[in-house]
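Data first, discussion second: the structure below is written as structure tokens.
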Protein chains: 2
Amino acid sequence: MRIGELAARAGTTTRALRYYEARGLLPARRDEKGHRAYGEEDLRLLEQIRTLRDFGFELEETRPFVECLRAGHPEGDSCPASLVVYRRKLAELDALIGQLTEVRETVAGQLRRAERARDALAADAPAPGGPEPLCELGGQFS
Amino acid sequence: MRIGELAARAGTTTRALRYYEARGLLPARRDEKGHRAYGEEDLRLLEQIRTLRDFGFELEETRPFVECLRAGHPEGDSCPASLVVYRRKLAELDALIGQLTEVRETVAGQLRRAERARDALAADAPAPGGPEPLCELGGQFS
DNA sequence: GTTTGCCTTGACGTCCGCGTCAAGTCCTAC
DNA sequence: GTAGGACTTGACGCGGACGTCAAGGCAAAC
């Protein structure tokens, strides 16, 4: 299998595969023409990489999984090093979700406050001919 | 007030202020020596920028707030355009938190599955002299 | 014969918000 | 006189995971 076919079967690009090879993550044999030659096993490795990347793992974080598979283990996460990455990523996710949730609540509070202020202003100074824009800035939405 | 003082009072750097000016977000007058000259009002604008940046707003997203303040409104979010940004950001945060939570659950499931597989393997082939590493990969943690 | 299509390597571009360095000006303090 | 500090502009660096273009080789198809 050459690079184009592998890329297509894994739903990625040849550029990504060359990049992984340059990083030492997914090296390839060469055929007599100097073209990269991949086997079915490489598809599994690549799918492991792509799955973890889709989860938001950095490329380097996929390395233990790939090495585990290449060592002959049944799954990429059959090795302790992979479990370490899982646990670290879970902690990162929890921290990030926590921060984002805090920010979300803060922003939601700010929005409610700003909307109340706007409505109070509209009640104080009701427009004579129906509601008017409260601010010259901000165009098409309100 | 010159650039160094404003940066220090807002807890940021002169580089950031020059960057904001280059982006047209926080222009500055010049004194007779060609140095940037800022007023107290600029501190408020800058604080608005920094607060929103800390919330994860992109620089461009702070522009409506800054323009709103500069137009003389009491708060950066007194203008409809700012509320639009708030709402869009809330939707983005909700989507992101949702995705991250999904990923978190998926990864947690994978970790549990991998740990069960490891424990099952350890029970099938118990080490004679106590527990041994199940995999040559993965070094110091397990 | 030439077009098409796959492959090769090399190298620069992208995004974002600055950090960091260089070279020069100006003022103050010692 | 000179050392230090604040300021100026300009320009390159960073990080991550590639995208994209250039220039060329080699094969099958028309």
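In the structure tokens, chains take letters A, B, ... by order of appearance, with residues numbered from 1 within each chain and ligands from 1 in the order shown.
Residues in contact with DG24 (chain D) at 12 Å, where only C-alpha atoms (C1' of nucleotides) are counted and same-chain residues fewer than 3 positions away are skipped, are listed as DC7, DT8, DT9 and DG10 of chain C.
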Please report as a tab-separated table every residue of region 17-107 of chain A lying within 10 Å of region 3-22 of chain D, along with the nearest atom pair and their distance in Å (one decimal), using only C-alpha atoms (C1' of nucleotides).
```
residue	atom	partner	partner_atom	distance
A:Leu17	CA	D:DC18	C1'	9.9
A:Arg18	CA	D:DC18	C1'	9.9
A:Tyr19	CA	D:DC18	C1'	7.5
A:Tyr20	CA	D:DA17	C1'	9.8
A:Glu58	CA	D:DG16	C1'	8.3
A:Leu59	CA	D:DA17	C1'	8.4
```
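Set the cut-off at 12 Å, count only C-alpha atoms (C1' of nucleotides), and the residues of chain A near chain C turn out to be Arg2, Ile3, Gly4, Glu5, Thr14, Arg18, Arg30, Asp31, Lys33, Gly34, His35, Arg36 and Ala37 of chain A.
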Using the selection just defined, write its residues with N, CA and C atoms as a tab-separated table (two decimals), in the first residue's frame.
```tsv
chain	number	residue	atom	x	y	z
A	2	ARG	N	0.55	2.18	-0.86
A	2	ARG	CA	1.34	3.41	-0.90
A	2	ARG	C	0.65	4.52	-0.11
A	3	ILE	N	1.31	5.64	-0.07
A	3	ILE	CA	0.88	6.69	0.87
A	3	ILE	C	-0.52	7.21	0.58
A	4	GLY	N	-0.84	7.36	-0.71
A	4	GLY	CA	-2.14	7.90	-1.06
A	4	GLY	C	-3.28	7.00	-0.61
A	5	GLU	N	-3.10	5.69	-0.82
A	5	GLU	CA	-4.15	4.75	-0.44
A	5	GLU	C	-4.33	4.71	1.08
A	14	THR	N	-1.89	12.74	2.70
A	14	THR	CA	-0.50	12.29	2.55
A	14	THR	C	0.44	13.20	3.32
A	18	ARG	N	3.40	12.02	5.95
A	18	ARG	CA	4.81	12.39	5.85
A	18	ARG	C	5.26	13.10	7.13
A	30	ARG	N	10.43	1.45	2.10
A	30	ARG	CA	10.42	2.01	0.75
A	30	ARG	C	10.43	0.88	-0.26
A	31	ASP	N	9.71	1.06	-1.34
A	31	ASP	CA	9.76	0.06	-2.41
A	31	ASP	C	10.93	0.39	-3.34
A	33	LYS	N	11.07	1.81	-6.01
A	33	LYS	CA	11.02	3.12	-6.66
A	33	LYS	C	11.24	4.27	-5.66
A	34	GLY	N	11.47	3.90	-4.42
A	34	GLY	CA	11.66	4.93	-3.41
A	34	GLY	C	10.36	5.42	-2.81
A	35	HIS	N	9.25	4.81	-3.21
A	35	HIS	CA	7.95	5.20	-2.66
A	35	HIS	C	7.74	4.56	-1.30
A	36	ARG	N	7.04	5.26	-0.44
A	36	ARG	CA	6.71	4.69	0.87
A	36	ARG	C	5.77	3.50	0.71
A	37	ALA	N	6.08	2.42	1.42
A	37	ALA	CA	5.25	1.20	1.36
A	37	ALA	C	4.73	0.89	2.76
```
Is it possible to see chain B as a compact mmCIF listing (two decimals) with N, CA and C atoms, in the first residue's frame, once it has been laid onto chain A by a least-squares fit on every C-alpha atom in order?
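Everything below was put into selection.txt:
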```
# COMPACT_ATOMS: atom_id res chain seq x y z
N MET B 1 1.14 -1.48 0.07
CA MET B 1 0.26 -0.30 0.04
C MET B 1 1.12 0.96 0.04
N ARG B 2 0.77 1.89 -0.85
CA ARG B 2 1.54 3.12 -0.89
C ARG B 2 0.82 4.23 -0.12
N ILE B 3 1.46 5.39 -0.09
CA ILE B 3 1.00 6.43 0.82
C ILE B 3 -0.41 6.93 0.51
N GLY B 4 -0.72 7.03 -0.79
CA GLY B 4 -2.03 7.54 -1.17
C GLY B 4 -3.15 6.63 -0.71
N GLU B 5 -2.95 5.34 -0.89
CA GLU B 5 -3.98 4.38 -0.50
C GLU B 5 -4.17 4.37 1.02
N LEU B 6 -3.07 4.35 1.75
CA LEU B 6 -3.19 4.34 3.22
C LEU B 6 -3.90 5.59 3.70
N ALA B 7 -3.53 6.72 3.15
CA ALA B 7 -4.16 7.98 3.56
C ALA B 7 -5.67 7.91 3.29
N ALA B 8 -6.04 7.43 2.11
CA ALA B 8 -7.45 7.36 1.75
C ALA B 8 -8.19 6.40 2.69
N ARG B 9 -7.60 5.24 2.96
CA ARG B 9 -8.27 4.26 3.81
C ARG B 9 -8.42 4.76 5.24
N ALA B 10 -7.52 5.62 5.68
CA ALA B 10 -7.63 6.13 7.05
C ALA B 10 -8.37 7.46 7.09
N GLY B 11 -8.74 7.95 5.91
CA GLY B 11 -9.47 9.22 5.90
C GLY B 11 -8.61 10.41 6.24
N THR B 12 -7.34 10.34 5.87
CA THR B 12 -6.46 11.49 6.10
C THR B 12 -5.71 11.81 4.81
N THR B 13 -4.60 12.51 4.93
CA THR B 13 -3.90 12.97 3.74
C THR B 13 -2.47 12.45 3.70
N THR B 14 -1.91 12.46 2.51
CA THR B 14 -0.51 12.04 2.37
C THR B 14 0.40 12.99 3.15
N ARG B 15 0.02 14.25 3.18
CA ARG B 15 0.83 15.22 3.90
C ARG B 15 0.94 14.87 5.37
N ALA B 16 -0.18 14.45 5.95
CA ALA B 16 -0.17 14.07 7.35
C ALA B 16 0.74 12.86 7.57
N LEU B 17 0.67 11.89 6.67
CA LEU B 17 1.51 10.70 6.83
C LEU B 17 3.00 11.04 6.76
N ARG B 18 3.35 11.92 5.82
CA ARG B 18 4.76 12.31 5.73
C ARG B 18 5.17 13.06 7.00
N TYR B 19 4.24 13.83 7.53
CA TYR B 19 4.52 14.55 8.77
C TYR B 19 4.75 13.58 9.92
N TYR B 20 3.92 12.56 10.02
CA TYR B 20 4.08 11.57 11.08
C TYR B 20 5.42 10.85 10.93
N GLU B 21 5.80 10.58 9.70
CA GLU B 21 7.09 9.92 9.49
C GLU B 21 8.23 10.83 9.90
N ALA B 22 8.11 12.10 9.54
CA ALA B 22 9.16 13.06 9.91
C ALA B 22 9.30 13.15 11.43
N ARG B 23 8.18 13.00 12.13
CA ARG B 23 8.21 13.04 13.59
C ARG B 23 8.62 11.70 14.19
N GLY B 24 8.86 10.72 13.35
CA GLY B 24 9.28 9.41 13.85
C GLY B 24 8.14 8.59 14.41
N LEU B 25 6.92 9.02 14.13
CA LEU B 25 5.77 8.34 14.72
C LEU B 25 5.32 7.16 13.87
N LEU B 26 5.42 7.29 12.58
CA LEU B 26 4.95 6.24 11.68
C LEU B 26 5.93 6.08 10.51
N PRO B 27 7.09 5.50 10.78
CA PRO B 27 8.09 5.32 9.72
C PRO B 27 7.59 4.32 8.68
N ALA B 28 8.14 4.41 7.49
CA ALA B 28 7.70 3.52 6.41
C ALA B 28 8.91 2.89 5.73
N ARG B 29 8.73 1.64 5.29
CA ARG B 29 9.73 1.03 4.43
C ARG B 29 9.68 1.72 3.07
N ARG B 30 10.68 1.42 2.25
CA ARG B 30 10.67 1.98 0.90
C ARG B 30 10.71 0.83 -0.09
N ASP B 31 9.98 0.99 -1.18
CA ASP B 31 10.07 -0.02 -2.22
C ASP B 31 11.24 0.31 -3.15
N GLU B 32 11.41 -0.49 -4.19
CA GLU B 32 12.58 -0.32 -5.06
C GLU B 32 12.58 1.03 -5.78
N LYS B 33 11.40 1.67 -5.81
CA LYS B 33 11.33 2.97 -6.49
C LYS B 33 11.50 4.14 -5.52
N GLY B 34 11.73 3.80 -4.27
CA GLY B 34 11.88 4.85 -3.28
C GLY B 34 10.56 5.31 -2.70
N HIS B 35 9.48 4.68 -3.12
CA HIS B 35 8.16 5.05 -2.59
C HIS B 35 7.94 4.42 -1.22
N ARG B 36 7.21 5.12 -0.37
CA ARG B 36 6.88 4.57 0.93
C ARG B 36 5.97 3.35 0.77
N ALA B 37 6.29 2.31 1.52
CA ALA B 37 5.48 1.09 1.46
C ALA B 37 4.96 0.77 2.86
N TYR B 38 3.63 0.64 2.96
CA TYR B 38 2.99 0.37 4.25
C TYR B 38 2.29 -0.97 4.23
N GLY B 39 2.15 -1.57 5.41
CA GLY B 39 1.40 -2.81 5.54
C GLY B 39 0.07 -2.57 6.23
N GLU B 40 -0.70 -3.65 6.39
CA GLU B 40 -2.00 -3.53 7.06
C GLU B 40 -1.85 -3.07 8.51
N GLU B 41 -0.77 -3.51 9.11
CA GLU B 41 -0.52 -3.11 10.50
C GLU B 41 -0.42 -1.59 10.63
N ASP B 42 0.16 -0.98 9.61
CA ASP B 42 0.30 0.48 9.67
C ASP B 42 -1.05 1.17 9.66
N LEU B 43 -2.03 0.54 9.02
CA LEU B 43 -3.37 1.11 9.04
C LEU B 43 -3.90 1.17 10.47
N ARG B 44 -3.66 0.09 11.22
CA ARG B 44 -4.11 0.09 12.62
C ARG B 44 -3.43 1.20 13.41
N LEU B 45 -2.11 1.33 13.22
CA LEU B 45 -1.38 2.37 13.94
C LEU B 45 -1.94 3.74 13.58
N LEU B 46 -2.16 3.93 12.30
CA LEU B 46 -2.66 5.23 11.84
C LEU B 46 -4.05 5.50 12.40
N GLU B 47 -4.89 4.48 12.42
CA GLU B 47 -6.23 4.67 12.98
C GLU B 47 -6.16 5.04 14.46
N GLN B 48 -5.20 4.42 15.16
CA GLN B 48 -5.03 4.78 16.57
C GLN B 48 -4.65 6.25 16.70
N ILE B 49 -3.74 6.68 15.87
CA ILE B 49 -3.32 8.09 15.90
C ILE B 49 -4.51 9.00 15.63
N ARG B 50 -5.25 8.69 14.57
CA ARG B 50 -6.35 9.58 14.17
C ARG B 50 -7.45 9.63 15.24
N THR B 51 -7.74 8.48 15.83
CA THR B 51 -8.77 8.45 16.87
C THR B 51 -8.38 9.36 18.03
N LEU B 52 -7.15 9.21 18.48
CA LEU B 52 -6.71 10.03 19.62
C LEU B 52 -6.63 11.50 19.23
N ARG B 53 -6.18 11.78 18.02
CA ARG B 53 -6.14 13.18 17.56
C ARG B 53 -7.56 13.76 17.57
N ASP B 54 -8.53 12.95 17.13
CA ASP B 54 -9.92 13.43 17.13
C ASP B 54 -10.40 13.74 18.55
N PHE B 55 -9.84 13.02 19.51
CA PHE B 55 -10.20 13.29 20.91
C PHE B 55 -9.50 14.53 21.45
N GLY B 56 -8.58 15.08 20.65
CA GLY B 56 -7.88 16.27 21.11
C GLY B 56 -6.51 15.98 21.70
N PHE B 57 -6.06 14.73 21.57
CA PHE B 57 -4.71 14.40 22.02
C PHE B 57 -3.70 15.06 21.09
N GLU B 58 -2.62 15.57 21.67
CA GLU B 58 -1.54 16.05 20.83
C GLU B 58 -0.84 14.86 20.20
N LEU B 59 -0.14 15.15 19.11
CA LEU B 59 0.50 14.08 18.37
C LEU B 59 1.46 13.29 19.26
N GLU B 60 2.24 13.98 20.05
CA GLU B 60 3.20 13.30 20.92
C GLU B 60 2.51 12.38 21.92
N GLU B 61 1.31 12.75 22.30
CA GLU B 61 0.58 11.93 23.28
C GLU B 61 0.11 10.60 22.69
N THR B 62 0.10 10.53 21.38
CA THR B 62 -0.33 9.26 20.76
C THR B 62 0.83 8.27 20.68
N ARG B 63 2.03 8.76 20.91
CA ARG B 63 3.21 7.91 20.70
C ARG B 63 3.20 6.65 21.57
N PRO B 64 2.88 6.75 22.85
CA PRO B 64 2.86 5.52 23.66
C PRO B 64 1.88 4.48 23.11
N PHE B 65 0.75 4.92 22.61
CA PHE B 65 -0.25 4.00 22.06
C PHE B 65 0.29 3.31 20.82
N VAL B 66 0.93 4.09 19.97
CA VAL B 66 1.47 3.54 18.73
C VAL B 66 2.59 2.55 19.03
N GLU B 67 3.45 2.92 19.96
CA GLU B 67 4.56 2.03 20.31
C GLU B 67 4.04 0.75 20.95
N CYS B 68 2.97 0.90 21.70
CA CYS B 68 2.37 -0.27 22.36
C CYS B 68 1.84 -1.24 21.30
N LEU B 69 1.14 -0.73 20.34
CA LEU B 69 0.64 -1.58 19.25
C LEU B 69 1.81 -2.22 18.50
N ARG B 70 2.82 -1.42 18.22
CA ARG B 70 3.94 -1.94 17.44
C ARG B 70 4.70 -3.00 18.23
N ALA B 71 4.62 -2.93 19.55
CA ALA B 71 5.29 -3.95 20.37
C ALA B 71 4.50 -5.25 20.36
N GLY B 72 3.36 -5.28 19.70
CA GLY B 72 2.61 -6.52 19.56
C GLY B 72 1.45 -6.66 20.53
N HIS B 73 1.19 -5.65 21.29
CA HIS B 73 0.07 -5.73 22.23
C HIS B 73 -1.25 -5.59 21.49
N PRO B 74 -2.31 -6.19 22.08
CA PRO B 74 -3.58 -6.26 21.36
C PRO B 74 -4.20 -4.88 21.14
N GLU B 75 -4.04 -3.98 22.08
CA GLU B 75 -4.62 -2.64 21.95
C GLU B 75 -3.54 -1.59 22.21
N GLY B 76 -3.79 -0.41 21.71
CA GLY B 76 -2.84 0.68 21.94
C GLY B 76 -2.75 1.06 23.40
N ASP B 77 -3.82 0.78 24.15
CA ASP B 77 -3.82 1.14 25.57
C ASP B 77 -3.56 -0.07 26.46
N SER B 78 -2.91 -1.10 25.92
CA SER B 78 -2.54 -2.25 26.74
C SER B 78 -1.28 -2.01 27.55
N CYS B 79 -0.68 -0.86 27.38
CA CYS B 79 0.57 -0.60 28.08
C CYS B 79 0.39 0.50 29.12
N PRO B 80 1.13 0.40 30.22
CA PRO B 80 1.00 1.38 31.30
C PRO B 80 1.21 2.82 30.85
N ALA B 81 2.14 3.02 29.92
CA ALA B 81 2.42 4.40 29.49
C ALA B 81 1.19 5.02 28.85
N SER B 82 0.40 4.20 28.18
CA SER B 82 -0.83 4.72 27.58
C SER B 82 -1.83 5.11 28.65
N LEU B 83 -1.91 4.30 29.69
CA LEU B 83 -2.85 4.61 30.77
C LEU B 83 -2.46 5.90 31.46
N VAL B 84 -1.17 6.12 31.58
CA VAL B 84 -0.70 7.38 32.16
C VAL B 84 -1.22 8.55 31.33
N VAL B 85 -1.12 8.41 30.04
CA VAL B 85 -1.60 9.48 29.16
C VAL B 85 -3.11 9.66 29.31
N TYR B 86 -3.84 8.57 29.35
CA TYR B 86 -5.29 8.64 29.58
C TYR B 86 -5.60 9.45 30.84
N ARG B 87 -4.92 9.10 31.91
CA ARG B 87 -5.24 9.73 33.18
C ARG B 87 -4.87 11.21 33.18
N ARG B 88 -3.74 11.49 32.57
CA ARG B 88 -3.33 12.89 32.50
C ARG B 88 -4.32 13.68 31.65
N LYS B 89 -4.76 13.07 30.56
CA LYS B 89 -5.71 13.75 29.70
C LYS B 89 -7.05 13.95 30.40
N LEU B 90 -7.46 12.97 31.16
CA LEU B 90 -8.70 13.12 31.92
C LEU B 90 -8.61 14.29 32.89
N ALA B 91 -7.47 14.39 33.56
CA ALA B 91 -7.29 15.49 34.51
C ALA B 91 -7.31 16.83 33.77
N GLU B 92 -6.66 16.87 32.61
CA GLU B 92 -6.66 18.10 31.82
C GLU B 92 -8.07 18.46 31.38
N LEU B 93 -8.80 17.46 30.94
CA LEU B 93 -10.18 17.71 30.49
C LEU B 93 -11.03 18.22 31.63
N ASP B 94 -10.89 17.61 32.79
CA ASP B 94 -11.68 18.05 33.95
C ASP B 94 -11.35 19.50 34.30
N ALA B 95 -10.06 19.80 34.29
CA ALA B 95 -9.66 21.17 34.63
C ALA B 95 -10.21 22.14 33.59
N LEU B 96 -10.07 21.77 32.34
CA LEU B 96 -10.53 22.66 31.27
C LEU B 96 -12.03 22.87 31.31
N ILE B 97 -12.75 21.76 31.46
CA ILE B 97 -14.22 21.86 31.52
C ILE B 97 -14.64 22.71 32.71
N GLY B 98 -13.93 22.54 33.81
CA GLY B 98 -14.24 23.35 34.98
C GLY B 98 -14.03 24.83 34.73
N GLN B 99 -12.91 25.16 34.13
CA GLN B 99 -12.63 26.57 33.82
C GLN B 99 -13.66 27.13 32.86
N LEU B 100 -13.94 26.37 31.82
CA LEU B 100 -14.88 26.85 30.82
C LEU B 100 -16.26 27.03 31.43
N THR B 101 -16.62 26.15 32.32
CA THR B 101 -17.93 26.26 32.97
C THR B 101 -18.00 27.51 33.84
N GLU B 102 -16.91 27.78 34.54
CA GLU B 102 -16.84 29.02 35.32
C GLU B 102 -17.00 30.24 34.42
N VAL B 103 -16.24 30.24 33.35
CA VAL B 103 -16.32 31.38 32.42
C VAL B 103 -17.73 31.50 31.86
N ARG B 104 -18.30 30.36 31.52
CA ARG B 104 -19.66 30.37 30.98
C ARG B 104 -20.64 31.03 31.94
N GLU B 105 -20.54 30.69 33.21
CA GLU B 105 -21.44 31.26 34.20
C GLU B 105 -21.18 32.76 34.38
N THR B 106 -19.92 33.11 34.37
CA THR B 106 -19.58 34.54 34.50
C THR B 106 -20.15 35.34 33.34
N VAL B 107 -19.94 34.83 32.13
CA VAL B 107 -20.43 35.54 30.95
C VAL B 107 -21.95 35.59 30.96
N ALA B 108 -22.58 34.48 31.35
CA ALA B 108 -24.04 34.47 31.41
C ALA B 108 -24.53 35.52 32.41
N GLY B 109 -23.84 35.64 33.53
CA GLY B 109 -24.21 36.65 34.52
C GLY B 109 -24.04 38.06 33.97
N GLN B 110 -22.95 38.28 33.28
CA GLN B 110 -22.72 39.60 32.68
C GLN B 110 -23.81 39.95 31.68
N LEU B 111 -24.18 38.94 30.88
CA LEU B 111 -25.22 39.17 29.88
C LEU B 111 -26.54 39.53 30.55
N ARG B 112 -26.90 38.79 31.60
CA ARG B 112 -28.16 39.09 32.30
C ARG B 112 -28.13 40.50 32.89
N ARG B 113 -27.01 40.83 33.50
CA ARG B 113 -26.87 42.15 34.10
C ARG B 113 -27.00 43.25 33.05
N ALA B 114 -26.33 43.04 31.92
CA ALA B 114 -26.36 44.06 30.86
C ALA B 114 -27.76 44.19 30.28
N GLU B 115 -28.46 43.07 30.18
CA GLU B 115 -29.82 43.13 29.63
C GLU B 115 -30.76 43.84 30.61
N ARG B 116 -30.57 43.58 31.89
CA ARG B 116 -31.40 44.28 32.89
C ARG B 116 -31.14 45.79 32.83
N ALA B 117 -29.88 46.15 32.73
CA ALA B 117 -29.54 47.58 32.66
C ALA B 117 -30.18 48.21 31.43
N ARG B 118 -30.12 47.52 30.32
CA ARG B 118 -30.73 48.03 29.09
C ARG B 118 -32.24 48.21 29.27
N ASP B 119 -32.90 47.19 29.86
CA ASP B 119 -34.35 47.25 30.03
C ASP B 119 -34.74 48.36 31.01
N ALA B 120 -33.94 48.54 32.03
CA ALA B 120 -34.22 49.60 33.00
C ALA B 120 -34.14 50.96 32.31
N LEU B 121 -33.14 51.10 31.47
CA LEU B 121 -32.97 52.35 30.74
C LEU B 121 -34.14 52.59 29.80
N ALA B 122 -34.61 51.53 29.16
CA ALA B 122 -35.74 51.64 28.23
C ALA B 122 -37.00 52.04 28.98
N ALA B 123 -37.15 51.55 30.22
CA ALA B 123 -38.33 51.89 31.01
C ALA B 123 -38.27 53.34 31.50
N ASP B 124 -37.06 53.81 31.83
CA ASP B 124 -36.91 55.19 32.29
C ASP B 124 -37.23 56.20 31.19
N ALA B 125 -36.73 55.89 30.00
CA ALA B 125 -36.91 56.82 28.89
C ALA B 125 -37.60 56.14 27.73
N PRO B 126 -38.91 55.95 27.85
CA PRO B 126 -39.61 55.23 26.80
C PRO B 126 -39.68 56.07 25.52
N ALA B 127 -39.41 55.40 24.43
CA ALA B 127 -39.44 56.12 23.15
C ALA B 127 -40.89 56.47 22.81
N PRO B 128 -41.14 57.66 22.31
CA PRO B 128 -42.51 58.10 22.03
C PRO B 128 -43.16 57.28 20.91
N GLY B 129 -42.45 56.99 19.89
CA GLY B 129 -43.05 56.25 18.77
C GLY B 129 -42.63 54.80 18.71
N GLY B 130 -42.67 54.12 19.86
CA GLY B 130 -42.25 52.72 19.88
C GLY B 130 -40.78 52.62 20.26
N PRO B 131 -40.31 51.37 20.42
CA PRO B 131 -38.93 51.16 20.87
C PRO B 131 -37.91 51.63 19.83
N GLU B 132 -36.88 52.26 20.33
CA GLU B 132 -35.81 52.71 19.43
C GLU B 132 -34.49 52.08 19.86
N PRO B 133 -33.53 52.05 18.95
CA PRO B 133 -32.21 51.53 19.35
C PRO B 133 -31.60 52.36 20.47
N LEU B 134 -31.05 51.66 21.44
CA LEU B 134 -30.52 52.34 22.62
C LEU B 134 -29.12 52.87 22.42
N CYS B 135 -28.50 52.43 21.34
CA CYS B 135 -27.10 52.76 21.15
C CYS B 135 -26.85 52.82 19.68
N GLU B 136 -26.09 53.78 19.28
CA GLU B 136 -25.83 53.91 17.84
C GLU B 136 -24.92 52.81 17.31
N LEU B 137 -24.24 52.14 18.21
CA LEU B 137 -23.35 51.06 17.80
C LEU B 137 -24.10 49.74 17.77
N GLY B 138 -23.71 48.90 16.84
CA GLY B 138 -24.21 47.53 16.95
C GLY B 138 -25.18 47.08 15.90
N GLY B 139 -25.53 47.95 14.99
CA GLY B 139 -26.20 47.60 13.75
C GLY B 139 -27.37 46.66 13.80
N GLN B 140 -27.19 45.49 13.17
CA GLN B 140 -28.35 44.71 12.76
C GLN B 140 -29.01 43.88 13.84
N PHE B 141 -28.31 43.66 14.95
CA PHE B 141 -28.91 42.86 16.02
C PHE B 141 -29.18 43.71 17.25
N SER B 142 -29.99 43.22 18.11
CA SER B 142 -30.13 43.88 19.40
C SER B 142 -30.53 42.85 20.45
```
Run DSSP on the backbone of this structure and report the residues of region 22-90 of chain A it assigns to strand (DSSP E), as a list in words.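 Matching residues, listed in order: Arg29, Arg30, Arg36 and Ala37 of chain A.
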Go ahead and dump the residues you just picked, C-alpha atoms, as a JSON list (two decimals), in the first residue's frame.
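Contents of selection.json, as written:
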```json
[["chain", "number", "residue", "atom", "x", "y", "z"],
["A", 29, "ARG", "CA", 9.52, 1.02, 4.29],
["A", 30, "ARG", "CA", 10.42, 2.01, 0.75],
["A", 36, "ARG", "CA", 6.71, 4.69, 0.87],
["A", 37, "ALA", "CA", 5.25, 1.20, 1.36]]
```
DSSP helix (DSSP H, G or I) residues within chain A, as JSON, numbers by chain: {"A": [3, 4, 5, 6, 7, 8, 9, 10, 14, 15, 16, 17, 18, 19, 20, 21, 22, 40, 41, 42, 43, 44, 45, 46, 47, 48, 49, 50, 51, 52, 53, 54, 59, 60, 61, 62, 63, 64, 65, 66, 67, 68, 69, 70, 80, 81, 82, 83, 84, 85, 86, 87, 88, 89, 90, 91, 92, 93, 94, 95, 96, 97, 98, 99, 100, 101, 102, 103, 104, 105, 106, 107, 108, 109, 110, 111, 112, 113, 114, 115, 116, 117, 118, 119, 120, 121, 122, 123, 124]}
